[in-house]
$ cat model.cif   # mmCIF, C-alpha atoms and all ligand atoms
data_data
loop_
_atom_site.group_PDB
_atom_site.id
_atom_site.type_symbol
_atom_site.label_atom_id
_atom_site.label_comp_id
_atom_site.auth_asym_id
_atom_site.auth_seq_id
_atom_site.Cartn_x
_atom_site.Cartn_y
_atom_site.Cartn_z
ATOM 1 C CA MET V 1 66.602 2.332 23.713
ATOM 2 C CA LYS V 2 64.036 -0.306 24.600
ATOM 3 C CA PRO V 3 65.564 -3.597 23.471
ATOM 4 C CA ASN V 4 64.083 -5.651 20.647
ATOM 5 C CA ARG V 5 63.084 -8.813 22.519
ATOM 6 C CA LEU V 6 62.420 -10.712 19.328
ATOM 7 C CA LYS V 7 65.931 -9.982 18.036
ATOM 8 C CA GLU V 8 67.465 -10.989 21.377
ATOM 9 C CA ARG V 9 65.599 -14.304 21.361
ATOM 10 C CA MET V 10 66.457 -15.019 17.743
ATOM 11 C CA LEU V 11 70.123 -14.365 18.506
ATOM 12 C CA ALA V 12 69.808 -16.847 21.399
ATOM 13 C CA ASN V 13 68.528 -19.434 18.871
ATOM 14 C CA ASP V 14 65.263 -20.019 20.701
ATOM 15 C CA PRO V 15 63.552 -22.585 18.409
ATOM 16 C CA SER V 16 60.037 -21.880 19.659
ATOM 17 C CA LEU V 17 59.538 -18.292 18.478
ATOM 18 C CA LEU V 18 56.155 -17.432 16.959
ATOM 19 C CA ASN V 19 54.900 -14.374 15.109
ATOM 20 C CA GLY V 20 51.181 -13.558 14.928
ATOM 21 C CA TRP V 21 49.762 -12.012 11.735
ATOM 22 C CA LEU V 22 47.239 -9.186 11.770
ATOM 23 C CA THR V 23 45.120 -8.928 8.631
ATOM 24 C CA LEU V 24 41.857 -7.507 9.971
ATOM 25 C CA GLY V 25 43.101 -3.924 10.253
ATOM 26 C CA SER V 26 41.545 -3.879 13.703
ATOM 27 C CA VAL V 27 43.040 -2.014 16.666
ATOM 28 C CA ALA V 28 40.884 -4.080 19.018
ATOM 29 C CA ALA V 29 42.094 -7.354 17.500
ATOM 30 C CA ALA V 30 45.700 -6.141 17.746
ATOM 31 C CA GLU V 31 45.160 -5.307 21.415
ATOM 32 C CA VAL V 32 43.603 -8.713 22.157
ATOM 33 C CA MET V 33 46.351 -10.544 20.251
ATOM 34 C CA SER V 34 49.064 -8.573 22.066
ATOM 35 C CA ARG V 35 47.781 -9.970 25.379
ATOM 36 C CA GLN V 36 48.654 -13.487 24.202
ATOM 37 C CA PRO V 37 52.218 -14.804 24.546
ATOM 38 C CA TRP V 38 53.337 -14.126 20.950
ATOM 39 C CA ASP V 39 56.987 -13.225 20.489
ATOM 40 C CA ALA V 40 56.053 -10.745 17.750
ATOM 41 C CA LEU V 41 52.969 -9.435 15.998
ATOM 42 C CA THR V 42 53.022 -8.188 12.405
ATOM 43 C CA ILE V 43 50.561 -5.730 10.912
ATOM 44 C CA ASP V 44 50.078 -6.800 7.297
ATOM 45 C CA MET V 45 49.774 -3.637 5.188
ATOM 46 C CA GLN V 46 50.199 -5.556 1.911
ATOM 47 C CA HIS V 47 47.182 -7.854 1.904
ATOM 48 C CA GLY V 48 45.674 -6.854 5.250
ATOM 49 C CA LEU V 49 43.023 -4.175 5.741
ATOM 50 C CA ALA V 50 45.014 -1.539 7.654
ATOM 51 C CA ASP V 51 45.782 1.892 6.246
ATOM 52 C CA PHE V 52 48.400 4.203 7.802
ATOM 53 C CA ASP V 53 46.178 5.634 10.578
ATOM 54 C CA THR V 54 44.894 2.230 11.613
ATOM 55 C CA ALA V 55 48.371 0.697 11.510
ATOM 56 C CA LEU V 56 49.631 3.550 13.714
ATOM 57 C CA ASN V 57 46.944 2.816 16.314
ATOM 58 C CA MET V 58 47.647 -0.911 16.053
ATOM 59 C CA LEU V 59 51.305 -0.183 16.827
ATOM 60 C CA ARG V 60 50.151 1.767 19.896
ATOM 61 C CA ALA V 61 48.021 -1.181 21.021
ATOM 62 C CA ILE V 62 50.805 -3.731 20.543
ATOM 63 C CA SER V 63 53.438 -1.570 22.174
ATOM 64 C CA SER V 64 51.442 -1.396 25.395
ATOM 65 C CA SER V 65 52.488 -5.081 25.764
ATOM 66 C CA GLU V 66 55.831 -6.896 25.725
ATOM 67 C CA VAL V 67 55.251 -8.297 22.211
ATOM 68 C CA THR V 68 57.624 -6.965 19.516
ATOM 69 C CA PRO V 69 55.668 -4.898 16.949
ATOM 70 C CA MET V 70 56.429 -5.403 13.249
ATOM 71 C CA VAL V 71 54.913 -4.309 9.938
ATOM 72 C CA ARG V 72 54.762 -5.914 6.518
ATOM 73 C CA VAL V 73 54.784 -2.923 4.177
ATOM 74 C CA PRO V 74 52.812 -3.146 0.922
ATOM 75 C CA TRP V 75 55.832 -2.803 -1.363
ATOM 76 C CA LEU V 76 59.377 -1.488 -1.666
ATOM 77 C CA ASP V 77 58.148 2.053 -1.114
ATOM 78 C CA PRO V 78 60.758 4.191 0.690
ATOM 79 C CA ALA V 79 58.207 6.807 1.806
ATOM 80 C CA LEU V 80 55.909 4.330 3.540
ATOM 81 C CA ILE V 81 58.752 2.229 4.954
ATOM 82 C CA MET V 82 60.258 5.339 6.594
ATOM 83 C CA ARG V 83 56.864 6.479 7.913
ATOM 84 C CA MET V 84 56.235 3.086 9.541
ATOM 85 C CA LEU V 85 59.701 3.239 11.119
ATOM 86 C CA ASP V 86 58.950 6.736 12.441
ATOM 87 C CA ALA V 87 55.668 5.345 13.779
ATOM 88 C CA GLY V 88 57.700 2.938 15.924
ATOM 89 C CA THR V 89 57.790 -0.453 14.244
ATOM 90 C CA TYR V 90 60.648 -2.652 15.493
ATOM 91 C CA GLY V 91 60.693 -4.784 12.354
ATOM 92 C CA VAL V 92 59.988 -4.253 8.651
ATOM 93 C CA ILE V 93 59.101 -7.096 6.298
ATOM 94 C CA CYS V 94 59.308 -6.051 2.632
ATOM 95 C CA PRO V 95 57.552 -8.199 0.005
ATOM 96 C CA MET V 96 58.844 -9.304 -3.389
ATOM 97 C CA ILE V 97 62.567 -8.595 -3.048
ATOM 98 C CA ASN V 98 63.924 -10.230 -6.195
ATOM 99 C CA THR V 99 67.383 -8.743 -6.660
ATOM 100 C CA ARG V 100 70.368 -7.581 -4.647
ATOM 101 C CA ALA V 101 69.711 -3.983 -5.799
ATOM 102 C CA GLN V 102 66.150 -4.095 -4.439
ATOM 103 C CA CYS V 103 67.445 -5.521 -1.164
ATOM 104 C CA GLU V 104 70.054 -2.774 -0.892
ATOM 105 C CA GLU V 105 67.386 -0.124 -1.460
ATOM 106 C CA PHE V 106 65.137 -1.724 1.175
ATOM 107 C CA VAL V 107 67.861 -1.880 3.823
ATOM 108 C CA ALA V 108 69.007 1.680 3.057
ATOM 109 C CA CYS V 109 65.461 2.913 3.794
ATOM 110 C CA CYS V 110 65.675 1.350 7.260
ATOM 111 C CA ARG V 111 69.123 2.583 8.337
ATOM 112 C CA TYR V 112 70.322 6.064 9.253
ATOM 113 C CA ALA V 113 73.537 7.368 7.656
ATOM 114 C CA PRO V 114 76.291 6.375 7.324
ATOM 115 C CA GLN V 115 74.888 2.831 6.929
ATOM 116 C CA GLY V 116 71.814 3.897 4.981
ATOM 117 C CA ALA V 117 69.615 6.683 3.680
ATOM 118 C CA ARG V 118 66.780 6.850 6.228
ATOM 119 C CA SER V 119 65.629 10.408 6.747
ATOM 120 C CA PHE V 120 65.612 11.764 10.308
ATOM 121 C CA GLY V 121 62.298 12.516 12.041
ATOM 122 C CA PRO V 122 61.217 9.671 14.328
ATOM 123 C CA THR V 123 57.952 11.229 15.500
ATOM 124 C CA ARG V 124 56.491 8.389 17.574
ATOM 125 C CA ALA V 125 59.340 5.858 17.731
ATOM 126 C CA PRO V 126 61.140 7.531 20.695
ATOM 127 C CA LEU V 127 57.885 7.605 22.702
ATOM 128 C CA TYR V 128 57.995 3.800 22.615
ATOM 129 C CA ALA V 129 61.727 3.211 22.394
ATOM 130 C CA GLY V 130 63.292 6.073 24.386
ATOM 131 C CA ASP V 131 65.091 9.343 23.534
ATOM 132 C CA ASP V 132 68.236 7.536 22.374
ATOM 133 C CA TYR V 133 66.226 5.791 19.640
ATOM 134 C CA TRP V 134 68.181 7.435 16.811
ATOM 135 C CA LYS V 135 71.518 6.225 18.203
ATOM 136 C CA HIS V 136 70.537 2.557 18.368
ATOM 137 C CA ALA V 137 67.793 2.139 15.761
ATOM 138 C CA ASN V 138 70.198 0.783 13.109
ATOM 139 C CA ASP V 139 71.178 -2.101 15.395
ATOM 140 C CA THR V 140 67.754 -2.700 16.906
ATOM 141 C CA VAL V 141 65.138 -2.538 14.152
ATOM 142 C CA LEU V 142 64.866 -5.810 12.216
ATOM 143 C CA THR V 143 64.874 -5.880 8.405
ATOM 144 C CA PHE V 144 63.434 -8.894 6.583
ATOM 145 C CA ALA V 145 63.457 -9.206 2.795
ATOM 146 C CA MET V 146 60.739 -11.484 1.457
ATOM 147 C CA VAL V 147 62.164 -14.144 -0.838
ATOM 148 C CA GLU V 148 59.050 -15.423 -2.546
ATOM 149 C CA THR V 149 59.650 -15.818 -6.270
ATOM 150 C CA ARG V 150 61.621 -18.162 -8.520
ATOM 151 C CA GLN V 151 63.753 -15.152 -9.533
ATOM 152 C CA ALA V 152 64.562 -14.359 -5.888
ATOM 153 C CA VAL V 153 65.529 -17.974 -5.169
ATOM 154 C CA GLU V 154 67.963 -17.839 -8.090
ATOM 155 C CA ALA V 155 69.466 -14.614 -6.658
ATOM 156 C CA VAL V 156 69.244 -15.644 -3.009
ATOM 157 C CA ASP V 157 72.991 -15.686 -2.290
ATOM 158 C CA GLU V 158 73.310 -12.110 -3.575
ATOM 159 C CA ILE V 159 70.218 -10.988 -1.641
ATOM 160 C CA VAL V 160 71.332 -12.418 1.701
ATOM 161 C CA SER V 161 74.815 -10.898 1.377
ATOM 162 C CA VAL V 162 73.486 -7.318 1.700
ATOM 163 C CA PRO V 163 75.001 -5.706 4.832
ATOM 164 C CA GLY V 164 72.407 -4.549 7.334
ATOM 165 C CA LEU V 165 69.830 -7.123 6.255
ATOM 166 C CA ASP V 166 68.797 -9.147 9.290
ATOM 167 C CA GLY V 167 67.050 -11.983 7.546
ATOM 168 C CA VAL V 168 64.835 -13.430 4.858
ATOM 169 C CA TYR V 169 61.117 -14.019 5.141
ATOM 170 C CA ILE V 170 59.822 -16.915 3.056
ATOM 171 C CA GLY V 171 56.392 -16.452 1.476
ATOM 172 C CA PRO V 172 55.327 -19.942 0.348
ATOM 173 C CA SER V 173 52.168 -18.822 -1.482
ATOM 174 C CA ASP V 174 53.846 -16.461 -3.948
ATOM 175 C CA LEU V 175 56.764 -18.861 -4.199
ATOM 176 C CA SER V 176 54.324 -21.657 -5.128
ATOM 177 C CA LEU V 177 52.708 -19.508 -7.820
ATOM 178 C CA THR V 178 56.017 -18.668 -9.468
ATOM 179 C CA LEU V 179 56.993 -22.362 -9.362
ATOM 180 C CA GLY V 180 53.746 -23.254 -11.133
ATOM 181 C CA LEU V 181 52.126 -24.765 -8.023
ATOM 182 C CA ASP V 182 48.808 -24.285 -6.212
ATOM 183 C CA PRO V 183 49.427 -21.517 -3.596
ATOM 184 C CA ASN V 184 47.070 -23.189 -1.115
ATOM 185 C CA ALA V 185 47.418 -26.909 -1.724
ATOM 186 C CA GLY V 186 51.044 -27.037 -2.893
ATOM 187 C CA LEU V 187 52.665 -26.242 0.453
ATOM 188 C CA ASP V 188 54.257 -29.693 0.832
ATOM 189 C CA HIS V 189 55.201 -30.077 -2.836
ATOM 190 C CA PRO V 190 58.826 -31.243 -3.161
ATOM 191 C CA ASP V 191 59.673 -28.368 -5.552
ATOM 192 C CA LEU V 192 58.456 -25.817 -3.014
ATOM 193 C CA LEU V 193 60.255 -27.515 -0.131
ATOM 194 C CA ALA V 194 63.473 -27.673 -2.172
ATOM 195 C CA ALA V 195 63.221 -23.911 -2.815
ATOM 196 C CA VAL V 196 62.495 -23.265 0.881
ATOM 197 C CA ASP V 197 65.527 -25.357 1.888
ATOM 198 C CA LYS V 198 67.726 -23.507 -0.605
ATOM 199 C CA ILE V 199 66.670 -20.118 0.831
ATOM 200 C CA HIS V 200 67.156 -21.344 4.397
ATOM 201 C CA ALA V 201 70.633 -22.734 3.655
ATOM 202 C CA ALA V 202 71.755 -19.541 1.888
ATOM 203 C CA ALA V 203 70.557 -17.390 4.787
ATOM 204 C CA LYS V 204 72.323 -19.600 7.317
ATOM 205 C CA ARG V 205 75.588 -19.478 5.359
ATOM 206 C CA ALA V 206 75.352 -15.674 5.378
ATOM 207 C CA GLY V 207 74.579 -15.590 9.111
ATOM 208 C CA LYS V 208 71.035 -14.222 8.605
ATOM 209 C CA PHE V 209 67.752 -15.139 10.267
ATOM 210 C CA THR V 210 65.016 -17.035 8.403
ATOM 211 C CA VAL V 211 61.311 -16.570 8.961
ATOM 212 C CA MET V 212 58.761 -19.004 7.519
ATOM 213 C CA HIS V 213 55.164 -18.014 6.837
ATOM 214 C CA CYS V 214 52.865 -20.863 7.915
ATOM 215 C CA ASN V 215 49.177 -20.379 7.366
ATOM 216 C CA PRO V 216 47.855 -23.760 8.547
ATOM 217 C CA ILE V 217 48.744 -24.550 12.162
ATOM 218 C CA ASP V 218 49.878 -28.110 11.315
ATOM 219 C CA TYR V 219 52.209 -26.627 8.679
ATOM 220 C CA ALA V 220 53.868 -24.579 11.433
ATOM 221 C CA GLN V 221 54.309 -27.800 13.411
ATOM 222 C CA ARG V 222 55.871 -29.583 10.427
ATOM 223 C CA MET V 223 58.156 -26.608 9.734
ATOM 224 C CA GLN V 224 59.592 -26.574 13.269
ATOM 225 C CA ALA V 225 62.012 -29.414 12.480
ATOM 226 C CA ARG V 226 63.585 -27.304 9.706
ATOM 227 C CA GLY V 227 64.955 -24.921 12.338
ATOM 228 C CA PHE V 228 63.690 -21.502 11.222
ATOM 229 C CA SER V 229 64.511 -18.520 13.451
ATOM 230 C CA LEU V 230 60.814 -17.568 13.603
ATOM 231 C CA ARG V 231 57.535 -18.959 12.291
ATOM 232 C CA THR V 232 54.473 -16.897 11.484
ATOM 233 C CA VAL V 233 51.359 -18.907 12.270
ATOM 234 C CA SER V 234 47.823 -18.382 10.999
ATOM 235 C CA ASN V 235 46.294 -14.882 11.228
ATOM 236 C CA ASP V 236 43.600 -13.019 13.117
ATOM 237 C CA THR V 237 40.936 -13.554 10.414
ATOM 238 C CA ARG V 238 41.464 -17.320 10.322
ATOM 239 C CA LEU V 239 41.708 -17.658 14.090
ATOM 240 C CA LEU V 240 38.387 -15.859 14.549
ATOM 241 C CA ALA V 241 36.713 -17.969 11.857
ATOM 242 C CA MET V 242 38.157 -21.202 13.287
ATOM 243 C CA ALA V 243 36.953 -20.406 16.815
ATOM 244 C CA ALA V 244 33.451 -19.538 15.558
ATOM 245 C CA GLN V 245 33.316 -22.696 13.433
ATOM 246 C CA ASP V 246 34.400 -24.822 16.367
ATOM 247 C CA LEU V 247 31.725 -23.274 18.595
ATOM 248 C CA LEU V 248 28.987 -23.751 15.977
ATOM 249 C CA ARG V 249 30.003 -27.344 15.319
ATOM 250 C CA GLN V 250 29.534 -28.041 19.023
ATOM 251 C CA LEU V 251 26.246 -26.181 19.453
ATOM 252 C CA LYS V 252 24.696 -26.766 16.007
ATOM 253 C CA PRO V 253 26.005 -30.196 15.057
ATOM 254 C CA GLY V 254 25.210 -31.105 11.451
ATOM 255 C CA GLN V 255 24.692 -27.488 10.339
ATOM 256 C CA ALA V 256 28.104 -25.807 10.675
HETATM 257 C C1 LIG V 301 53.254 -15.568 0.721
HETATM 258 O O1 LIG V 301 53.162 -16.728 1.158
HETATM 259 O O2 LIG V 301 53.396 -15.280 -0.474
HETATM 260 C C2 LIG V 301 53.166 -14.459 1.652
HETATM 261 O O3 LIG V 301 53.392 -13.337 1.250
HETATM 262 C C3 LIG V 301 52.782 -14.714 3.062
HETATM 263 O O4 LIG V 301 51.851 -13.764 3.476
HETATM 264 MG MG MG V 302 53.550 -13.080 -0.746
#

$ encode --input "model.cif" --output "structure tokens" --more "lines below"
Ligand code: 3PY
Ligand code: MG
Amino acid sequence: MKPNRLKERMLANDPSLLNGWLTLGSVAAAEVMSRQPWDALTIDMQHGLADFDTALNMLRAISSSEVTPMVRVPWLDPALIMRMLDAGTYGVICPMINTRAQCEEFVACCRYAPQGARSFGPTRAPLYAGDDYWKHANDTVLTFAMVETRQAVEAVDEIVSVPGLDGVYIGPSDLSLTLGLDPNAGLDHPDLLAAVDKIHAAAKRAGKFTVMHCNPIDYAQRMQARGFSLRTVSNDTRLLAMAAQDLLRQLKPGQA
């Protein structure tokens, strides 16, 4: 089976790993992004614009490069999680995991028996991964539970102890909301940072990876010192808008 380069680099504790975030639901944007030296690219099916067919074609675009393809599914929905796995994603990020039972259900969806309850029928995955996909998928495909609520922070030790879970993915915007903070402006609030540090410490104690979602680029720089396994930085929509703004500021000073 084609190795999961992201997993290999995370296991090697490479501190520089970056994940790009695809919200536009655009195959062309996914293809362009996959030609940049990201370590992983994630198709956001929760808040992004991709439906199943588009996400499938985005996976095809990404997997014609060396970048590891991942998907954030819209919810803890076994049917869609298993379809995205069959479509060949090498990582699944599941939002709003608040309890150990939800985490167990999520991981079971991603693992073939005897470890889990994933149904067999990997239609596209072997075309990308190789014919022995089914034998090695359990150890290769990454599972990340999003810890992004006050409730999840309180249950974090139970969540991270689920066997087969590879790591936690911290969503600072939802976490801010449930802590009573501004989801855009509260990113450096001490209460949020204390919750982030608690999640990170629990994951480390359990031997799991931690991924931090960083929308602003300078936030990703500030977060590097905290030693996350992977940082998600910005997204395709923002990058396009920022590049256009920068161009217009140069060519139409005073107007943009
Ligand atoms: C959050 O910050 O809540 C996220 O889900 C990141 O996309
Ligand atoms: Mg969220």

$ closest_atom_pairs --input "model.cif" --of "chain V" --to "ligand MG 302 (chain V)" --cutoff "8 Å" --atoms "all atoms listed in the file" --output "CSV"
residue,atom,partner,partner_atom,distance
V:Pro95,CA,V:MG302,MG,6.4
V:Met96,CA,V:MG302,MG,7.0
V:Met146,CA,V:MG302,MG,7.7
V:Glu148,CA,V:MG302,MG,6.2
V:Gly171,CA,V:MG302,MG,4.9
V:Pro172,CA,V:MG302,MG,7.2
V:Ser173,CA,V:MG302,MG,6.0
V:Asp174,CA,V:MG302,MG,4.7
V:Leu175,CA,V:MG302,MG,7.5

$ residues_near_ligand --input "model.cif" --ligand "ligand LIG 301 (chain V)" --cutoff "10 Å" --atoms "all atoms listed in the file" --output "ChimeraX atom specification"
/V:21,23,44,46-48,72,93-96,146-149,169-178,183-184,187,212-215,232,234-235

$ residues_around --input "model.cif" --residues "stretch 203-211 of chain V" --least-positions-apart "5" --cutoff "8 Å" --atoms "all atoms listed in the file" --output "ChimeraX atom specification"
/V:10,157,160-161,165-170,228-232

$ atom_distance --input "model.cif" --atom1 "atom CA of V:Leu240" --atom2 "atom CA of V:Leu56"
22.4 Å

$ atom_distance --input "model.cif" --atom1 "atom CA of V:Arg238" --atom2 "atom CA of V:Leu181"
22.5 Å

$ closest_residue --input "model.cif" --among "V:Thr143, V:Thr237, V:Ser64, V:Thr42" --to "V:Val162" --atoms "all atoms listed in the file"
V:Thr143

$ atom_distance --input "model.cif" --atom1 "atom CA of V:Met33" --atom2 "atom CA of V:Ala61"
9.5 Å

$ residues_near_point --input "model.cif" --point "(62.4, 1.3, 16.6)" --cutoff "8 Å" --atoms "all atoms listed in the file" --output "compact mmCIF listing (two decimals) with C-alpha atoms, in the frame of the given file"
# COMPACT_ATOMS: atom_id res chain seq x y z
CA LEU V 85 59.70 3.24 11.12
CA ASP V 86 58.95 6.74 12.44
CA GLY V 88 57.70 2.94 15.92
CA THR V 89 57.79 -0.45 14.24
CA TYR V 90 60.65 -2.65 15.49
CA GLY V 91 60.69 -4.78 12.35
CA ALA V 125 59.34 5.86 17.73
CA PRO V 126 61.14 7.53 20.70
CA TYR V 128 58.00 3.80 22.62
CA ALA V 129 61.73 3.21 22.39
CA TYR V 133 66.23 5.79 19.64
CA ALA V 137 67.79 2.14 15.76
CA THR V 140 67.75 -2.70 16.91
CA VAL V 141 65.14 -2.54 14.15

$ residues_near_point --input "model.cif" --point "(66.8, -8.6, -6.9)" --cutoff "9 Å" --atoms "only C-alpha atoms" --output "compact mmCIF listing (two decimals) with C-alpha atoms, in the frame of the given file"
# COMPACT_ATOMS: atom_id res chain seq x y z
CA MET V 96 58.84 -9.30 -3.39
CA ILE V 97 62.57 -8.60 -3.05
CA ASN V 98 63.92 -10.23 -6.20
CA THR V 99 67.38 -8.74 -6.66
CA ARG V 100 70.37 -7.58 -4.65
CA ALA V 101 69.71 -3.98 -5.80
CA GLN V 102 66.15 -4.10 -4.44
CA CYS V 103 67.44 -5.52 -1.16
CA GLU V 104 70.05 -2.77 -0.89
CA GLN V 151 63.75 -15.15 -9.53
CA ALA V 152 64.56 -14.36 -5.89
CA ALA V 155 69.47 -14.61 -6.66
CA VAL V 156 69.24 -15.64 -3.01
CA GLU V 158 73.31 -12.11 -3.58
CA ILE V 159 70.22 -10.99 -1.64

$ closest_residue --input "model.cif" --among "V:Leu251, V:Leu59, V:Ile217, V:Met1" --to "V:His136" --atoms "only C-alpha atoms"
V:Met1

$ closest_residue --input "model.cif" --among "V:Trp38, V:Tyr219, V:Trp134, V:Phe52" --to "V:Ala79" --atoms "only C-alpha atoms"
V:Phe52
